[in-house]
$ cat query-v8.cif   # mmCIF, C-alpha atoms and all ligand atoms
data_query
#
loop_
_atom_site.label_atom_id
_atom_site.label_comp_id
_atom_site.auth_asym_id
_atom_site.auth_seq_id
_atom_site.Cartn_x
_atom_site.Cartn_y
_atom_site.Cartn_z
CA MET A 1 92.45 38.70 97.70
CA PRO A 2 96.02 40.05 97.46
CA SER A 3 98.86 37.63 96.76
CA ILE A 4 101.03 36.44 99.64
CA ALA A 5 103.96 38.19 97.95
CA ASP A 6 102.00 41.46 98.20
CA ILE A 7 101.29 41.05 101.86
CA THR A 8 104.62 39.65 103.00
CA GLY A 9 106.95 42.17 101.37
CA ASP A 10 108.69 44.80 103.48
CA THR A 11 107.93 47.84 101.29
CA ARG A 12 105.54 50.64 102.30
CA GLY A 13 103.07 49.38 99.67
CA ALA A 14 103.21 45.88 101.11
CA ALA A 15 102.56 47.27 104.58
CA LEU A 16 99.43 49.02 103.29
CA VAL A 17 98.17 45.91 101.50
CA ARG A 18 98.92 43.92 104.65
CA ARG A 19 96.90 46.33 106.76
CA ALA A 20 93.97 46.28 104.33
CA PHE A 21 93.97 42.49 104.12
CA LEU A 22 94.13 42.15 107.88
CA LEU A 23 91.29 44.61 108.31
CA GLN A 24 89.16 42.60 105.91
CA THR A 25 89.83 39.38 107.85
CA LYS A 26 89.23 41.18 111.13
CA LEU A 27 85.92 42.48 109.86
CA LYS A 28 84.81 38.95 109.01
CA ALA A 29 85.83 37.77 112.49
CA ALA A 30 83.95 40.67 114.09
CA GLN A 31 80.83 40.08 111.99
CA THR A 32 80.60 36.34 112.56
CA ARG A 33 82.01 36.33 116.10
CA THR A 34 82.95 32.67 115.60
CA ALA A 35 85.99 30.94 117.06
CA ARG A 36 86.96 29.80 113.59
CA ALA A 37 87.06 33.27 111.99
CA SER A 38 88.75 34.85 115.01
CA LEU A 39 91.38 32.20 115.10
CA GLU A 40 92.06 32.60 111.39
CA TYR A 41 92.46 36.34 111.84
CA ASP A 42 94.69 36.08 114.91
CA ALA A 43 96.90 33.39 113.36
CA LEU A 44 97.26 35.46 110.21
CA ALA A 45 98.00 38.67 112.10
CA ALA A 46 100.64 36.96 114.27
CA SER A 47 102.24 35.20 111.30
CA LEU A 48 102.48 38.35 109.18
CA GLU A 49 104.53 39.96 111.95
CA LEU A 50 107.19 37.35 111.19
CA PHE A 51 107.73 38.96 107.78
CA ARG A 52 108.62 42.36 109.23
CA PRO A 53 112.30 43.29 108.97
CA GLY A 54 114.11 42.42 112.19
CA ALA A 55 111.45 39.95 113.41
CA ILE A 56 112.70 36.99 115.44
CA VAL A 57 111.62 33.93 113.49
CA PRO A 58 111.82 30.58 115.26
CA TRP A 59 111.17 27.58 113.02
CA VAL A 60 109.63 24.97 115.28
CA SER A 61 108.12 21.53 114.95
CA TYR A 62 104.34 21.03 115.14
CA LEU A 63 104.22 19.77 118.73
CA PHE A 64 106.69 22.31 120.06
CA PRO A 65 105.40 23.93 123.30
CA THR A 66 104.94 27.42 121.91
CA GLU A 67 104.44 28.83 125.42
CA LEU A 68 108.26 28.89 125.62
CA LEU A 69 108.13 31.44 122.78
CA SER A 70 105.02 33.40 123.74
CA SER A 71 106.77 33.92 127.09
CA TYR A 72 109.09 36.23 125.09
CA GLY A 73 106.37 37.64 122.83
CA ILE A 74 107.58 35.55 119.86
CA THR A 75 105.33 33.83 117.30
CA PRO A 76 106.42 30.41 115.98
CA MET A 77 106.88 29.55 112.32
CA ILE A 78 105.57 26.00 112.03
CA PRO A 79 106.57 24.54 108.64
CA GLU A 80 103.61 22.14 108.47
CA VAL A 81 101.14 24.99 109.05
CA ALA A 82 102.97 27.36 106.69
CA SER A 83 102.98 24.75 103.89
CA ALA A 84 99.27 24.07 104.25
CA VAL A 85 98.46 27.79 104.19
CA LEU A 86 100.74 28.65 101.25
CA THR A 87 99.45 25.83 99.06
CA GLY A 88 95.93 27.16 99.62
CA THR A 89 96.79 30.60 98.17
CA ASP A 90 97.40 31.99 94.70
CA LEU A 91 101.07 31.12 95.21
CA ARG A 92 100.31 27.44 94.96
CA GLY A 93 101.61 27.17 91.38
CA PRO A 94 105.02 28.79 92.01
CA VAL A 95 105.44 26.89 95.28
CA GLU A 96 104.63 23.58 93.60
CA ALA A 97 107.08 24.34 90.79
CA ALA A 98 109.79 25.27 93.29
CA THR A 99 109.09 22.11 95.29
CA GLY A 100 109.48 20.03 92.12
CA ARG A 101 112.91 21.60 91.49
CA LEU A 102 114.24 20.83 94.97
CA ARG A 103 117.29 18.63 95.19
CA LEU A 104 115.56 16.49 97.73
CA SER A 105 113.99 13.08 97.46
CA ARG A 106 110.31 13.24 96.48
CA ASP A 107 109.84 10.65 99.16
CA VAL A 108 110.16 13.26 101.92
CA CYS A 109 106.94 14.45 103.63
CA SER A 110 105.38 17.11 101.42
CA TYR A 111 104.84 19.49 104.37
CA HIS A 112 108.61 19.72 104.71
CA ARG A 113 109.49 19.75 101.01
CA THR A 114 107.02 22.59 100.48
CA ALA A 115 108.29 24.61 103.44
CA LEU A 116 111.87 24.24 102.27
CA ALA A 117 111.00 25.30 98.72
CA ALA A 118 109.04 28.30 100.02
CA LEU A 119 111.95 29.37 102.21
CA GLU A 120 114.46 29.03 99.37
CA ASN A 121 112.24 31.20 97.19
CA GLY A 122 111.73 33.97 99.71
CA LEU A 123 108.12 33.09 100.51
CA LEU A 124 108.85 32.29 104.13
CA PRO A 125 111.18 34.22 106.43
CA ALA A 126 114.56 32.72 107.32
CA PRO A 127 114.96 31.12 110.75
CA ALA A 128 116.66 32.87 113.66
CA MET A 129 116.61 29.57 115.56
CA CYS A 130 115.34 26.04 114.88
CA LEU A 131 113.61 24.25 117.74
CA GLY A 132 112.31 20.70 117.53
CA THR A 133 110.86 17.91 119.59
CA THR A 134 111.46 14.28 118.67
CA PRO A 135 107.68 13.66 118.63
CA LEU A 136 106.21 13.11 116.12
CA CYS A 137 108.75 12.36 113.44
CA LEU A 138 112.40 12.36 112.52
CA GLY A 139 111.82 14.09 109.18
CA LYS A 140 111.10 17.52 110.64
CA GLU A 141 114.10 17.23 112.96
CA CYS A 142 116.30 16.62 109.91
CA LEU A 143 114.75 19.67 108.21
CA LEU A 144 115.26 21.92 111.26
CA ASP A 145 118.81 20.67 111.83
CA MET A 146 119.69 21.23 108.16
CA LEU A 147 118.22 24.76 108.18
CA ALA A 148 120.12 25.63 111.36
CA VAL A 149 123.39 24.59 109.72
CA ARG A 150 122.55 26.43 106.51
CA TYR A 151 121.58 29.70 108.24
CA GLY A 152 124.16 29.44 111.03
CA VAL A 153 121.52 29.63 113.78
CA PRO A 154 120.98 27.52 116.94
CA PHE A 155 119.28 24.14 116.70
CA PHE A 156 117.83 22.72 119.90
CA GLU A 157 116.00 19.43 120.06
CA ILE A 158 113.86 18.25 122.97
CA ARG A 159 114.53 14.52 123.13
CA VAL A 160 111.52 12.59 124.30
CA PRO A 161 111.79 8.85 124.93
CA LEU A 162 109.00 6.62 123.62
CA PRO A 163 106.23 6.08 126.19
CA PRO A 164 105.40 2.53 127.33
CA ASP A 165 102.72 0.64 125.40
CA GLU A 166 100.56 0.53 128.52
CA GLY A 167 100.25 3.31 131.07
CA GLU A 168 101.98 6.67 131.22
CA ALA A 169 105.59 7.82 130.82
CA ARG A 170 107.75 7.30 133.91
CA ARG A 171 108.20 10.22 136.30
CA GLU A 172 111.99 10.36 135.67
CA VAL A 173 111.34 10.62 131.94
CA VAL A 174 108.93 13.52 132.42
CA ALA A 175 111.44 15.21 134.76
CA ASP A 176 114.23 14.85 132.21
CA VAL A 177 112.11 16.36 129.41
CA ALA A 178 111.04 19.14 131.80
CA ASP A 179 114.73 19.95 132.46
CA GLN A 180 115.38 20.19 128.72
CA LEU A 181 112.43 22.56 128.32
CA ARG A 182 113.65 24.71 131.21
CA GLU A 183 117.11 24.94 129.66
CA LEU A 184 115.69 25.83 126.26
CA HIS A 185 113.45 28.51 127.76
CA GLU A 186 116.53 30.10 129.33
CA ASN A 187 118.47 29.78 126.08
CA ILE A 188 115.76 31.61 124.13
CA GLY A 189 116.11 34.50 126.57
CA ARG A 190 119.88 34.57 126.07
CA TRP A 191 119.64 34.33 122.28
CA THR A 192 117.04 37.08 121.98
CA GLY A 193 118.01 39.33 124.88
CA ARG A 194 114.33 39.48 125.92
CA LYS A 195 112.82 39.12 129.37
CA PRO A 196 110.50 36.12 129.90
CA GLN A 197 106.91 36.31 131.02
CA LEU A 198 106.33 32.60 131.34
CA ARG A 199 103.74 32.87 134.11
CA LYS A 200 101.56 35.08 131.92
CA SER A 201 102.01 32.82 128.92
CA ILE A 202 101.08 29.72 130.96
CA ASP A 203 98.02 31.41 132.44
CA LEU A 204 96.82 32.26 128.92
CA SER A 205 97.62 28.77 127.66
CA ASN A 206 95.67 27.32 130.59
CA ARG A 207 92.63 29.44 129.74
CA ALA A 208 92.69 27.99 126.23
CA SER A 209 93.25 24.46 127.59
CA VAL A 210 90.30 24.69 129.96
CA ALA A 211 88.02 25.74 127.10
CA TRP A 212 89.41 23.23 124.62
CA GLY A 213 89.41 20.44 127.22
CA HIS A 214 85.75 21.17 127.97
CA VAL A 215 84.78 21.05 124.30
CA MET A 216 86.67 17.80 123.80
CA SER A 217 85.04 16.17 126.87
CA GLU A 218 81.62 17.05 125.51
CA ARG A 219 82.55 15.57 122.16
CA LEU A 220 83.80 12.41 123.86
CA ALA A 221 80.63 12.17 125.94
CA GLY A 222 78.54 12.42 122.77
CA SER A 223 76.73 15.62 123.84
CA LEU A 224 78.42 17.71 121.14
CA GLU A 225 79.00 16.69 117.53
CA MET A 226 81.62 18.71 115.73
CA ASN A 227 82.80 18.53 112.15
CA GLY A 228 86.18 16.81 112.38
CA ARG A 229 87.62 18.31 109.26
CA ARG A 230 86.80 21.90 110.19
CA VAL A 231 87.89 21.39 113.77
CA PHE A 232 91.17 19.93 112.52
CA ALA A 233 91.82 22.99 110.36
CA THR A 234 91.01 25.34 113.25
CA VAL A 235 93.13 23.55 115.83
CA PHE A 236 95.96 23.21 113.29
CA LEU A 237 96.13 27.02 113.00
CA GLY A 238 95.60 27.34 116.75
CA GLN A 239 99.03 25.79 117.28
CA LEU A 240 100.44 29.23 116.51
CA LEU A 241 98.56 30.88 119.37
CA TRP A 242 98.98 28.79 122.54
CA GLY A 243 100.10 31.04 125.37
CA THR A 244 98.73 34.23 123.82
CA GLU A 245 95.78 36.42 124.77
CA ALA A 246 94.29 35.96 121.31
CA GLY A 247 94.58 32.16 121.57
CA ALA A 248 92.87 32.15 124.98
CA LYS A 249 89.97 34.28 123.74
CA ASP A 250 89.54 32.28 120.52
CA PHE A 251 89.42 28.89 122.23
CA GLU A 252 87.03 30.33 124.83
CA LYS A 253 84.71 31.32 121.98
CA MET A 254 84.19 27.61 121.36
CA LEU A 255 82.29 27.40 124.63
CA THR A 256 79.24 29.12 123.16
CA GLU A 257 76.93 27.92 120.43
CA ARG A 258 77.48 31.09 118.47
CA GLY A 259 81.27 30.78 118.75
CA ARG A 260 81.13 27.17 117.51
CA ARG A 261 79.11 28.15 114.45
CA GLY A 262 80.60 26.56 111.33
CA LEU A 263 82.33 23.88 113.37
CA THR A 264 79.41 21.61 114.24
CA VAL A 265 77.98 18.69 112.24
CA GLU A 266 75.09 19.69 109.96
CA PRO A 267 71.96 17.63 110.71
CA MET A 268 70.48 15.58 107.85
CA ALA A 269 67.58 17.28 106.06
CA ASP A 270 65.35 14.21 106.58
CA GLY A 271 66.17 13.93 110.28
CA ARG A 272 68.11 10.64 109.96
CA LEU A 273 71.24 10.24 112.09
CA ARG A 274 74.55 10.40 110.31
CA LYS A 275 77.05 7.50 110.37
CA ARG A 276 79.88 8.47 112.70
CA LEU A 277 83.47 8.34 111.48
CA LEU A 278 86.75 8.71 113.34
CA TRP A 279 89.55 10.35 111.31
CA LEU A 280 93.11 9.23 111.95
CA HIS A 281 96.21 11.30 111.23
CA THR A 282 96.26 14.45 109.07
CA VAL A 283 93.61 15.57 106.55
CA PRO A 284 93.72 16.61 102.89
CA HIS A 285 93.76 20.38 103.39
CA HIS A 286 92.64 21.43 99.92
CA ASP A 287 90.55 18.55 98.53
CA ARG A 288 86.99 18.93 99.73
CA GLU A 289 85.52 16.18 97.57
CA LEU A 290 86.12 13.38 100.06
CA PHE A 291 84.35 15.28 102.81
CA ASP A 292 81.56 16.44 100.54
CA LEU A 293 80.99 12.80 99.64
CA ILE A 294 80.94 11.76 103.30
CA GLU A 295 78.34 14.42 104.02
CA LYS A 296 76.26 13.60 100.94
CA GLN A 297 76.21 9.91 101.83
CA GLY A 298 74.80 10.64 105.27
CA ALA A 299 77.99 10.28 107.32
CA ALA A 300 80.16 12.71 109.28
CA VAL A 301 83.69 12.79 110.63
CA ILE A 302 82.82 13.42 114.26
CA PHE A 303 86.28 13.19 115.80
CA GLU A 304 89.90 13.50 114.75
CA GLU A 305 92.83 11.78 116.41
CA MET A 306 95.24 14.69 116.14
CA SER A 307 93.20 17.24 118.08
CA GLN A 308 93.80 15.37 121.33
CA MET A 309 96.36 17.74 122.77
CA HIS A 310 96.56 20.59 125.28
CA LEU A 311 93.58 19.11 127.08
CA GLU A 312 94.81 19.70 130.60
CA LYS A 313 96.12 22.70 132.47
CA VAL A 314 99.76 22.89 133.53
CA ASP A 315 100.88 24.14 136.94
CA PRO A 316 101.71 27.85 136.53
CA ASP A 317 104.12 27.66 139.50
CA ASP A 318 106.12 24.85 137.89
CA PRO A 319 105.01 24.59 134.25
CA PHE A 320 107.83 22.51 132.79
CA PRO A 321 106.65 19.05 133.97
CA GLY A 322 103.15 19.76 132.60
CA LEU A 323 104.54 20.95 129.27
CA ALA A 324 106.81 17.88 129.22
CA LYS A 325 103.90 15.52 129.82
CA ARG A 326 102.12 16.86 126.78
CA LEU A 327 105.06 15.53 124.77
CA THR A 328 105.90 12.31 126.63
CA ASP A 329 102.28 11.11 126.51
CA ASN A 330 101.09 12.51 123.20
CA VAL A 331 98.57 10.08 121.71
CA MET A 332 100.51 9.69 118.48
CA TRP A 333 103.91 9.14 120.09
CA GLY A 334 105.20 5.64 120.84
CA THR A 335 104.84 2.26 119.22
CA SER A 336 102.19 1.11 116.76
CA ALA A 337 100.77 -1.10 119.51
CA ARG A 338 100.25 1.97 121.73
CA ARG A 339 98.61 3.92 118.92
CA ALA A 340 96.35 0.95 118.11
CA ARG A 341 95.34 0.61 121.77
CA LEU A 342 94.56 4.32 122.17
CA THR A 343 92.70 4.77 118.91
CA LEU A 344 90.64 1.64 119.46
CA ALA A 345 89.70 2.80 122.96
CA LEU A 346 88.73 6.16 121.47
CA ALA A 347 86.64 4.48 118.76
CA LYS A 348 84.78 2.41 121.34
CA GLN A 349 84.16 5.38 123.59
CA LEU A 350 82.75 7.40 120.67
CA LYS A 351 80.75 4.41 119.38
CA ILE A 352 81.85 5.17 115.85
CA ASP A 353 80.63 3.29 112.80
CA GLY A 354 84.00 3.32 111.03
CA ALA A 355 87.54 4.72 111.06
CA VAL A 356 89.47 6.35 108.22
CA HIS A 357 93.26 6.63 108.20
CA PHE A 358 94.78 9.18 105.84
CA ASN A 359 98.08 7.77 104.58
CA HIS A 360 99.87 11.06 103.98
CA TRP A 361 102.60 10.94 101.36
CA GLY A 362 106.08 10.49 102.85
CA CYS A 363 104.95 10.07 106.45
CA ARG A 364 106.80 7.06 107.81
CA HIS A 365 105.51 7.74 111.28
CA GLY A 366 101.82 7.74 110.41
CA VAL A 367 101.75 5.18 107.63
CA GLY A 368 104.16 2.77 109.34
CA SER A 369 101.73 1.96 112.12
CA VAL A 370 98.68 1.38 109.89
CA PRO A 371 98.92 -2.45 109.63
CA VAL A 372 98.91 -2.77 113.43
CA VAL A 373 96.11 -0.22 113.88
CA ARG A 374 94.05 -1.82 111.12
CA ALA A 375 94.46 -5.30 112.64
CA ALA A 376 93.23 -4.01 116.01
CA PHE A 377 90.13 -2.45 114.43
CA MET A 378 89.40 -5.54 112.34
CA GLU A 379 89.65 -7.73 115.40
CA ALA A 380 87.21 -5.45 117.21
CA GLY A 381 84.83 -5.61 114.23
CA ILE A 382 85.05 -1.88 113.47
CA PRO A 383 85.24 -1.06 109.73
CA PHE A 384 88.57 0.54 108.86
CA LEU A 385 89.64 2.29 105.67
CA ALA A 386 93.16 3.50 104.87
CA ILE A 387 93.35 5.89 101.93
CA ASP A 388 96.54 7.07 100.27
CA GLY A 389 96.98 10.75 99.51
CA ASP A 390 98.97 13.90 99.94
CA ALA A 391 97.60 16.35 102.49
CA LEU A 392 98.68 19.28 100.31
CA ALA A 393 97.50 17.92 96.95
CA ARG A 394 94.59 19.17 94.90
CA GLY A 395 92.81 16.61 92.73
CA GLY A 396 94.70 14.11 90.57
CA PRO A 397 94.41 10.36 90.02
CA GLN A 398 95.15 9.50 93.66
CA ALA A 399 92.32 11.72 94.87
CA GLU A 400 89.94 10.04 92.41
CA LYS A 401 90.98 6.62 93.66
CA SER A 402 90.43 7.73 97.26
CA ILE A 403 86.94 8.92 96.40
CA GLN A 404 86.08 5.53 94.90
CA GLN A 405 87.46 3.78 97.98
CA MET A 406 85.48 6.08 100.25
CA GLU A 407 82.30 5.49 98.24
CA SER A 408 82.62 1.72 98.66
CA PHE A 409 83.42 2.11 102.33
CA LEU A 410 80.37 4.28 102.99
CA GLU A 411 78.16 1.81 101.13
CA LEU A 412 79.50 -0.93 103.33
CA LEU A 413 78.59 1.06 106.46
S1 LIG B 1 102.91 14.08 108.25
FE1 LIG B 1 104.30 12.61 109.21
S2 LIG B 1 106.31 13.05 108.32
FE2 LIG B 1 104.99 14.81 107.90
S3 LIG B 1 105.30 16.20 109.61
FE3 LIG B 1 103.56 14.94 110.18
S4 LIG B 1 104.42 13.21 111.33
FE4 LIG B 1 106.12 14.20 110.23
#
$ encode --input "query-v8.cif" --output "structure tokens"
Amino acid sequence: MPSIADITGDTRGAALVRRAFLLQTKLKAAQTRTARASLEYDALAASLELFRPGAIVPWVSYLFPTELLSSYGITPMIPEVASAVLTGTDLRGPVEAATGRLRLSRDVCSYHRTALAALENGLLPAPAMCLGTTPLCLGKECLLDMLAVRYGVPFFEIRVPLPPDEGEARREVVADVADQLRELHENIGRWTGRKPQLRKSIDLSNRASVAWGHVMSERLAGSLEMNGRRVFATVFLGQLLWGTEAGAKDFEKMLTERGRRGLTVEPMADGRLRKRLLWLHTVPHHDRELFDLIEKQGAAVIFEEMSQMHLEKVDPDDPFPGLAKRLTDNVMWGTSARRARLTLALAKQLKIDGAVHFNHWGCRHGVGSVPVVRAAFMEAGIPFLAIDGDALARGGPQAEKSIQQMESFLELL
């Protein structure tokens, strides 16, 4: 495999390496015809375009409605996704070293520290605009704001009030967020001088939503068991493709058995049923040991909290309220009490045997609500394990401790 530096350069040689690497990934997608391989190829192909000279590079937060960008034919640069991808390549060493040298508290979420270090060392393209949404966390807004100041580019933040603990966000709140999205969509046109094709982008996003919503309903109904870790990784990359033709086709591939290959739970060799786990918050992207252990011990992560998004279509004639609602009512937005209520309801619906919360390093938002979520699960008599870790780490003493904790937890189940 070529290095990222080889494929992201702007020389003629880099362009050739890029083409060869893309062809190789495309071949794999064509051979397997799975949603997973196609999505990997399409996300890679779209992201590599961001490294071309003159490309418009918007740095956006993870929950940003990327349809506002695909309307203008622009691919987002999502720092969380970029950090996870880079730390999985042969550039991991240099990126880690650069991250260690940053003049930034080590307490900051490692997704953001890594992205910043990669940008400062020329491994990610500089932003042409920074676009955030207050969900899920303040940390990424600080990063985007800081980068906008440093590069002298626009920063626009969609401000989303917290939803109520019970019920849905008020109509006026959704309308206000919709107005902000409408204004931003117009601004992107002014900043880039491009003509929007929002209707097309929404139609494509809706195709993906219909497929993804169908898969998720089957999972919730118990008629389809998918491997939570692999699904997480696929949907995580899929964030880059909402509102694109490629994204629509890739999510639609999940509707067939062949397309879902590699994403479903492997049955036990002896025919026994696996213990069912619900995974909360992000996953360790590079440490497989925890998941190998889960599988070996006869359990499976059958659902993941963070994939509950883009489940419903938005009105193509007036898309902003629908896009707004995806933010105002996101399952991870709001108070700890709301998160506890929603995750517990999910656990009961799925009839899980236990829940695992991944306490990602530096994530105030995720880790802060754990005591309340744990108490709710304990009260309901559902085993709950919170393990500390860094989603971008590979091995180390913390990973070993997590494995021991997981072993004890699985024995208990
Ligand atoms: S892990 Fe937490 S701090 Fe990091 S980007 Fe996600 S929500 Fe923000």
$ residues_around --input "query-v8.cif" --residues "Trp361 (chain A)" --least-positions-apart "4" --cutoff "8 Å" --atoms "all atoms listed in the file" --output "number ranges by chain"
A: 107-110, 388-391
$ atom_distance --input "query-v8.cif" --atom1 "CA of Ala84 (chain A)" --atom2 "CA of Arg150 (chain A)"
23.5 Å
$ closest_residue --input "query-v8.cif" --among "A:Ala126, A:Leu392, A:Leu385, A:Leu147" --to "ligand LIG 1 (chain B)" --atoms "all atoms listed in the file"
A:Leu392
$ residues_near_ligand --input "query-v8.cif" --ligand "ligand LIG 1 (chain B)" --cutoff "7 Å" --atoms "all atoms listed in the file" --output "PyMOL selection string"
chain A and resi 80+109-112+136-140+282+360+362-366
$ residues_around --input "query-v8.cif" --residues "region 269-279 of chain A" --least-positions-apart "4" --cutoff "6 Å" --atoms "all atoms listed in the file" --output "list of chain:residue names"
A:Gly298, A:Ala299, A:Ala300, A:Val301, A:Ile302, A:Phe303, A:Glu304, A:Ile352, A:Asp353, A:Gly354, A:Ala355, A:Val356
$ atom_distance --input "query-v8.cif" --atom1 "CA of Met77 (chain A)" --atom2 "CA of Asp287 (chain A)"
24.0 Å
$ residues_around --input "query-v8.cif" --residues "Leu104 (chain A)" --least-positions-apart "6" --cutoff "12 Å" --atoms "all atoms listed in the file" --output "PyMOL selection string"
chain A and resi 98+110+112-114+116-117+143
$ atom_distance --input "query-v8.cif" --atom1 "CA of Ser217 (chain A)" --atom2 "CA of Thr335 (chain A)"
25.4 Å
$ decode --input "query-v8.cif" --residues "region 150-187 of chain A" --atoms "C-alpha atoms" --output "PDB file, in the first residue's frame"
ATOM      1  CA  ARG A 150      -5.739  31.009  11.815  1.00  0.00           C
ATOM      2  CA  TYR A 151      -6.486  30.554   8.102  1.00  0.00           C
ATOM      3  CA  GLY A 152      -8.605  33.695   7.737  1.00  0.00           C
ATOM      4  CA  VAL A 153     -11.636  31.765   6.448  1.00  0.00           C
ATOM      5  CA  PRO A 154     -15.345  31.924   7.420  1.00  0.00           C
ATOM      6  CA  PHE A 155     -16.574  30.129  10.527  1.00  0.00           C
ATOM      7  CA  PHE A 156     -20.290  29.422  10.749  1.00  0.00           C
ATOM      8  CA  GLU A 157     -21.882  27.600  13.632  1.00  0.00           C
ATOM      9  CA  ILE A 158     -25.396  26.154  13.646  1.00  0.00           C
ATOM     10  CA  ARG A 159     -26.603  26.759  17.189  1.00  0.00           C
ATOM     11  CA  VAL A 160     -28.946  24.046  18.366  1.00  0.00           C
ATOM     12  CA  PRO A 161     -30.671  24.362  21.740  1.00  0.00           C
ATOM     13  CA  LEU A 162     -30.764  21.297  23.983  1.00  0.00           C
ATOM     14  CA  PRO A 163     -33.896  19.176  23.438  1.00  0.00           C
ATOM     15  CA  PRO A 164     -36.267  18.551  26.355  1.00  0.00           C
ATOM     16  CA  ASP A 165     -35.658  15.454  28.488  1.00  0.00           C
ATOM     17  CA  GLU A 166     -39.036  14.070  27.418  1.00  0.00           C
ATOM     18  CA  GLY A 167     -40.554  14.419  23.966  1.00  0.00           C
ATOM     19  CA  GLU A 168     -39.248  16.226  20.908  1.00  0.00           C
ATOM     20  CA  ALA A 169     -37.747  19.666  20.295  1.00  0.00           C
ATOM     21  CA  ARG A 170     -40.315  22.466  20.048  1.00  0.00           C
ATOM     22  CA  ARG A 171     -41.484  23.531  16.589  1.00  0.00           C
ATOM     23  CA  GLU A 172     -40.058  27.076  17.020  1.00  0.00           C
ATOM     24  CA  VAL A 173     -36.662  25.589  17.860  1.00  0.00           C
ATOM     25  CA  VAL A 174     -36.683  23.429  14.735  1.00  0.00           C
ATOM     26  CA  ALA A 175     -37.771  26.445  12.659  1.00  0.00           C
ATOM     27  CA  ASP A 176     -34.944  28.565  14.048  1.00  0.00           C
ATOM     28  CA  VAL A 177     -32.322  25.899  13.281  1.00  0.00           C
ATOM     29  CA  ALA A 178     -33.852  25.478   9.815  1.00  0.00           C
ATOM     30  CA  ASP A 179     -33.427  29.237   9.199  1.00  0.00           C
ATOM     31  CA  GLN A 180     -29.759  29.007  10.190  1.00  0.00           C
ATOM     32  CA  LEU A 181     -29.246  26.109   7.779  1.00  0.00           C
ATOM     33  CA  ARG A 182     -30.968  28.012   4.977  1.00  0.00           C
ATOM     34  CA  GLU A 183     -28.733  31.029   5.572  1.00  0.00           C
ATOM     35  CA  LEU A 184     -25.612  28.885   5.640  1.00  0.00           C
ATOM     36  CA  HIS A 185     -26.601  27.114   2.418  1.00  0.00           C
ATOM     37  CA  GLU A 186     -26.892  30.515   0.726  1.00  0.00           C
ATOM     38  CA  ASN A 187     -23.579  31.641   2.219  1.00  0.00           C
TER      39      ASN A 187
END
